[in-house]
Every structure is written in C-alpha cells, then in structure tokens.
Amino acid sequence: MSHPIIAPSILAADFANLQRDVEIINHSDADWLHIDIMDGEFVPNISFGFPVLEAIRRYAQKPLDVHLMIVQPDRYLEQFAQAGATTITVHYEACTHLHRTLSRIRELGCRAGVALNLQTPVTALEDILDAVDQVLIMTINPGFGGQKLVRSSVQKVRKMRRLLAEYQSPALIEVDGGIDLDTITELAEAGADVFVVGTSVFKAADPALAIRQLKERPFLQRPSPMA
Ligand code: DX5
Ligand code: ZN
C-alpha cells in the first residue's frame with residue numbers, strides 16, 4: 001500500500017478566511033487541493049464560481065483537483081483549465097458524450113476525471129477507460145459536506161479496483177465524502193488512492209495535524225478486537 005494522496009476540500013474551509021485556510025494547506029502534508037463546484041441544478045446546493053476559484057488559485061501551491069457537480073460541464077471546461085485546474089472531474093450522470101468530454105479535458109492539458117454517483121455501476125466506464133486518468137467514487141450523495149459515508153461504496157471501490165486491473169488501466173481511484181480517521185483505512189484497503197477530506201480536516205482543531213494523521217493512518221496497526 002503506498003501513501004494515500006490527501007486532497008482537502010476547500011468547501012469545508014472558512015470562506016471569510018480563505019487565504020489563511022489555503023496557506024494552512026500549502027504548509028501541510030496535503031497533496032492536492034479539492035475544489036467542489038456546485039450549480040444548484042446537478043446537486044441541490046450552490047458552492048462558488050470563478051471569482052472565488054481565482055482567489056484560491058492566487059495563493060494555492062498544491063495542484064487543484066476540480067470536481068464539477070454541474071450539468072453540461074462542456075460549456076465551462078476551457079474556463080476551468082484557464083483557472084488553473086490540474087484535474088477536471090465531471091460526473092458520468094451529467095455527460096451524454098462522456099468520451100468526448102474527457103478527451104477535451106486532456107486536450108486542454110488537464111487530467112481527465114469522471115465521478116460516479118452512488119447508483120452508477122463501475123462497469124458504466126468499462127468501454128472508455130482509455131480516456132480516464134481518475135475515477136471519483138462518490139461515497140455520499142454529493143451536494144453537502146459533513147455527511148456520513150455510505151457503506152456500500154467500500155465494496156464499490158473494490159469493484160473499481162478489479163475493473164482497472166482487468167483493463168490494465170493506470171487511472172487513480174478517488175473517494176469523496178464522509179472520510180475520516182475511522183473510514184480511511186478500509187477505503188485504502190479496498191483500493192482507493194486519493195482521499196478527499198473536508199470536515200475532518202477543516203473542522204479539526206489543528207488541520208495540518210489532521211492531514212498528517214490521515215496520511216499515516218492506513219499504515220497503522222488496527223487495534224486488536226481482543227484489546
Ligand atoms: C460533497 C463534496 C465533497 C465534500 C466532502 O458533494 O463533493 O468534496 O466537500 O466533505 P466531507 O469530507 O465533509 O464529507
Ligand atoms: Zn468533491
């Protein structure tokens with residue numbers, strides 16, 4: 001098992017102290033910064049748009065992992081690439097011609113990600129894995145931070161891992177929602193590579209410490225059931 005890639009989600013930051021929170025991530029062991037874009041249509045919530053993203057980018061020193069929870073994402077791919085996204089992830093459920101969308105993301109010089117809502121089977125991606133750099137397995141219903149991990153998604157990560165192995169795909173598996181020190185180990189064991197963490201980082205007393213603990217967690221011995 002290699003060290004997990006930790007991607008704190010800025011959605012859980014204090015937006016009145018955005019620069020401070022971005023700097024905390026800059027100086028931490030976090031690998032990426034996760035950016036949740038919600039349009040009030042694909043998900044029942046609105047987060048923020050380009051002016052805020054550009055403000056984040058001005059200070060962020062980590063790669064920007066942009067998760068688009070929006071309908072018709074094709075309309076904005078270029079703008080997100082220009083705004084500094086390293087990875088752009090679109091939802092399977094929002095794309096009629098997903099292969100075209102993912103190819104466009106690569107043409108724009110970004111890594112191409114696709115997110116699956118809870119009900120979408122991993123096999124939906126089987127025929128287009130060549131176009132995918134990253135699969136985001138939603139571990140909650142998207143739209144809000146602070147929710148509890150949906151248990152069935154652990155098994156789904158296992159299925160995705162098997163499918164990627166079968167097709168010899170180097171795509172990374174990312175998980176998003178309800179991840180904390182209690183849930184990260186089983187998700188890592190199931191085969192996830194990238195862990196999005198909002199609440200359990202930004203609501204912690206010491207976010208940098210929380211990130212360090214999450215990064216080490218999958219390597220620690222689990223307490224014995226006898227203890
Ligand atoms: C939810 C977002 C997540 C969210 C995770 O729709 O995609 O990235 O911020 O937050 P926590 O870690 O609080 O579940
Ligand atoms: Zn997200």
# chains A, B, ... in the order shown; residues from 1 in each chain; ligands from 1
call {"tool": "closest_atom_pairs", "arguments": {"of": "chain A", "to": "ligand 1", "cutoff": "6 Å", "atoms": "only C-alpha atoms and all ligand atoms", "output": "tab-separated table"}}
result
residue	atom	partner	partner_atom_place_in_ligand_line	distance
A:Ser9	CA	ligand 1	9 (O)	5.1
A:Leu11	CA	ligand 1	9 (O)	5.1
A:Asp36	CA	ligand 1	7 (O)	5.7
A:Pro142	CA	ligand 1	6 (O)	3.4
A:Gly143	CA	ligand 1	6 (O)	3.7
A:Phe144	CA	ligand 1	1 (C)	4.6
A:Gly145	CA	ligand 1	10 (O)	3.6
A:Gly146	CA	ligand 1	13 (O)	3.6
A:Gln147	CA	ligand 1	14 (O)	5.1
A:Asp176	CA	ligand 1	8 (O)	5.4
A:Gly177	CA	ligand 1	14 (O)	3.5
A:Gly178	CA	ligand 1	14 (O)	3.8
A:Ile179	CA	ligand 1	12 (O)	5.4
A:Val196	CA	ligand 1	8 (O)	6.0
A:Val197	CA	ligand 1	12 (O)	4.0
A:Gly198	CA	ligand 1	12 (O)	3.4
A:Thr199	CA	ligand 1	13 (O)	3.7
call {"tool": "write_last_selection", "arguments": {"atoms": "all heavy atoms", "output": "short mmCIF file (atom, residue, chain, number, x, y, z; two decimals), in the first residue's frame"}}
result
data_model
loop_
_atom_site.label_atom_id
_atom_site.label_comp_id
_atom_site.auth_asym_id
_atom_site.auth_seq_id
_atom_site.Cartn_x
_atom_site.Cartn_y
_atom_site.Cartn_z
N SER A 9 -10.81 19.31 0.97
CA SER A 9 -11.84 20.01 0.21
C SER A 9 -12.08 21.40 0.80
O SER A 9 -12.50 21.54 1.94
CB SER A 9 -13.15 19.21 0.24
OG SER A 9 -14.19 20.04 -0.25
N LEU A 11 -14.34 23.32 0.36
CA LEU A 11 -15.75 23.56 0.70
C LEU A 11 -15.95 23.68 2.20
O LEU A 11 -16.84 24.39 2.67
CB LEU A 11 -16.60 22.41 0.15
CG LEU A 11 -18.11 22.54 0.23
CD1 LEU A 11 -18.59 23.68 -0.67
CD2 LEU A 11 -18.79 21.23 -0.19
N ASP A 36 -14.79 21.95 -4.95
CA ASP A 36 -16.15 21.47 -5.27
C ASP A 36 -16.97 22.58 -5.89
O ASP A 36 -17.28 23.58 -5.24
CB ASP A 36 -16.84 21.00 -3.99
CG ASP A 36 -16.29 19.67 -3.51
OD1 ASP A 36 -16.25 18.73 -4.32
OD2 ASP A 36 -15.89 19.58 -2.33
N PRO A 142 -23.70 13.54 -3.45
CA PRO A 142 -22.99 14.83 -3.49
C PRO A 142 -23.91 16.02 -3.23
O PRO A 142 -25.13 15.94 -3.42
CB PRO A 142 -22.44 14.88 -4.92
CG PRO A 142 -23.31 13.99 -5.71
CD PRO A 142 -23.75 12.90 -4.77
N GLY A 143 -23.33 17.09 -2.77
CA GLY A 143 -24.08 18.33 -2.54
C GLY A 143 -23.71 19.01 -1.23
O GLY A 143 -23.79 20.23 -1.14
N PHE A 144 -23.31 18.23 -0.26
CA PHE A 144 -23.03 18.81 1.06
C PHE A 144 -21.85 18.10 1.72
O PHE A 144 -21.70 16.89 1.57
CB PHE A 144 -24.26 18.67 1.97
CG PHE A 144 -25.48 19.31 1.38
CD1 PHE A 144 -26.36 18.58 0.59
CD2 PHE A 144 -25.73 20.67 1.57
CE1 PHE A 144 -27.47 19.17 0.00
CE2 PHE A 144 -26.84 21.28 0.99
CZ PHE A 144 -27.72 20.53 0.21
N GLY A 145 -21.08 18.87 2.44
CA GLY A 145 -20.04 18.29 3.27
C GLY A 145 -20.65 17.77 4.56
O GLY A 145 -21.84 17.97 4.83
N GLY A 146 -19.85 17.06 5.34
CA GLY A 146 -20.28 16.65 6.67
C GLY A 146 -21.24 15.48 6.74
O GLY A 146 -21.87 15.25 7.77
N GLN A 147 -21.39 14.72 5.65
CA GLN A 147 -22.29 13.57 5.68
C GLN A 147 -21.52 12.30 6.05
O GLN A 147 -20.30 12.25 6.01
CB GLN A 147 -22.93 13.36 4.31
CG GLN A 147 -23.70 14.55 3.76
CD GLN A 147 -24.33 14.22 2.42
OE1 GLN A 147 -25.28 13.45 2.35
NE2 GLN A 147 -23.78 14.78 1.36
N ASP A 176 -14.71 10.35 -2.09
CA ASP A 176 -15.13 11.70 -1.69
C ASP A 176 -16.41 11.63 -0.86
O ASP A 176 -17.46 11.22 -1.36
CB ASP A 176 -15.35 12.52 -2.97
CG ASP A 176 -15.64 13.98 -2.71
OD1 ASP A 176 -15.75 14.39 -1.54
OD2 ASP A 176 -15.78 14.73 -3.69
N GLY A 177 -16.29 12.04 0.40
CA GLY A 177 -17.47 12.15 1.26
C GLY A 177 -17.39 11.25 2.48
O GLY A 177 -17.24 10.04 2.36
N GLY A 178 -17.45 11.87 3.65
CA GLY A 178 -17.51 11.09 4.89
C GLY A 178 -16.20 10.40 5.26
O GLY A 178 -16.21 9.38 5.96
N ILE A 179 -15.08 10.95 4.79
CA ILE A 179 -13.79 10.28 5.08
C ILE A 179 -13.14 10.90 6.32
O ILE A 179 -13.03 12.13 6.45
CB ILE A 179 -12.87 10.35 3.85
CG1 ILE A 179 -13.53 9.54 2.72
CG2 ILE A 179 -11.49 9.80 4.18
CD1 ILE A 179 -12.99 9.81 1.37
N VAL A 196 -10.51 12.58 -0.55
CA VAL A 196 -11.00 13.94 -0.37
C VAL A 196 -11.50 14.06 1.06
O VAL A 196 -12.29 13.22 1.51
CB VAL A 196 -12.15 14.26 -1.36
CG1 VAL A 196 -12.68 15.66 -1.12
CG2 VAL A 196 -11.67 14.10 -2.80
N VAL A 197 -11.02 15.08 1.77
CA VAL A 197 -11.46 15.24 3.15
C VAL A 197 -11.80 16.70 3.42
O VAL A 197 -10.96 17.58 3.27
CB VAL A 197 -10.39 14.77 4.17
CG1 VAL A 197 -10.63 13.33 4.56
CG2 VAL A 197 -8.99 14.94 3.64
N GLY A 198 -13.05 16.93 3.80
CA GLY A 198 -13.49 18.28 4.11
C GLY A 198 -13.58 18.50 5.60
O GLY A 198 -12.65 19.02 6.24
N THR A 199 -14.68 18.06 6.16
CA THR A 199 -14.97 18.30 7.57
C THR A 199 -13.86 17.83 8.50
O THR A 199 -13.46 18.57 9.41
CB THR A 199 -16.29 17.57 7.95
OG1 THR A 199 -17.29 18.01 7.03
CG2 THR A 199 -16.72 17.89 9.36
#
call {"tool": "select_by_dssp", "arguments": {"residues": "stretch 75-191 of chain A", "states": "helix (DSSP H, G or I)", "output": "PyMOL selection string"}}
result
chain A and resi 75-82+92-94+98-107+122-131+152-166+184-190
call {"tool": "closest_residue", "arguments": {"among": "A:Val52, A:Val66, A:Leu187, A:Ala192", "to": "ligand 2", "atoms": "only C-alpha atoms and all ligand atoms"}}
result
A:Val66
call {"tool": "closest_residue", "arguments": {"among": "A:Leu68, A:Leu53, A:Leu209, A:Ile24", "to": "ligand 2", "atoms": "only C-alpha atoms and all ligand atoms"}}
result
A:Leu68
call {"tool": "closest_residue", "arguments": {"among": "A:Glu126, A:Glu54, A:Asp14, A:Asp39", "to": "A:Leu163", "atoms": "only C-alpha atoms"}}
result
A:Glu126
call {"tool": "residues_around", "arguments": {"residues": "A:Asp21", "least_positions_apart": "5", "cutoff": "10 Å", "atoms": "only C-alpha atoms", "output": "PyMOL selection string"}}
result
chain A and resi 10+12-16+26+56+59-60+202+207
call {"tool": "atom_distance", "arguments": {"atom1": "atom CA of A:Arg100", "atom2": "atom CA of A:His34"}}
result
23.7 Å
call {"tool": "residues_around", "arguments": {"residues": "A:Ala81", "least_positions_apart": "4", "cutoff": "12 Å", "atoms": "only C-alpha atoms", "output": "ChimeraX atom specification"}}
result
/A:50,53-54,57,64-66,74-77,85-89,104-112
call {"tool": "residues_around", "arguments": {"residues": "A:Val157", "least_positions_apart": "4", "cutoff": "7 Å", "atoms": "only C-alpha atoms", "output": "number ranges by chain"}}
result
A: 137, 153, 161, 190-192
call {"tool": "closest_residue", "arguments": {"among": "A:Val194, A:Asp130, A:Ser152, A:Thr101", "to": "A:Glu78", "atoms": "only C-alpha atoms"}}
result
A:Thr101
call {"tool": "atom_distance", "arguments": {"atom1": "atom CA of A:Gln79", "atom2": "atom CA of A:His67"}}
result
13.7 Å
call {"tool": "select_by_dssp", "arguments": {"residues": "stretch 54-186 of chain A", "states": "strand (DSSP E)", "output": "list in words"}}
result
Leu64, Asp65, Val66, His67, Leu68, Met69, Ala85, Thr86, Thr87, Ile88, Thr89, Val90, His91, Arg111, Ala112, Gly113, Val114, Ala115, Leu116, Gln134, Val135, Leu136, Ile137, Met138, Leu172, Ile173, Glu174, Val175 and Asp176 of chain A
call {"tool": "closest_residue", "arguments": {"among": "A:Glu41, A:Thr139, A:Ile128, A:Ser200", "to": "A:Ser169", "atoms": "only C-alpha atoms"}}
result
A:Ile128
call {"tool": "closest_residue", "arguments": {"among": "A:Arg20, A:Tyr167, A:Asp31, A:Val201", "to": "A:Thr123", "atoms": "only C-alpha atoms"}}
result
A:Tyr167
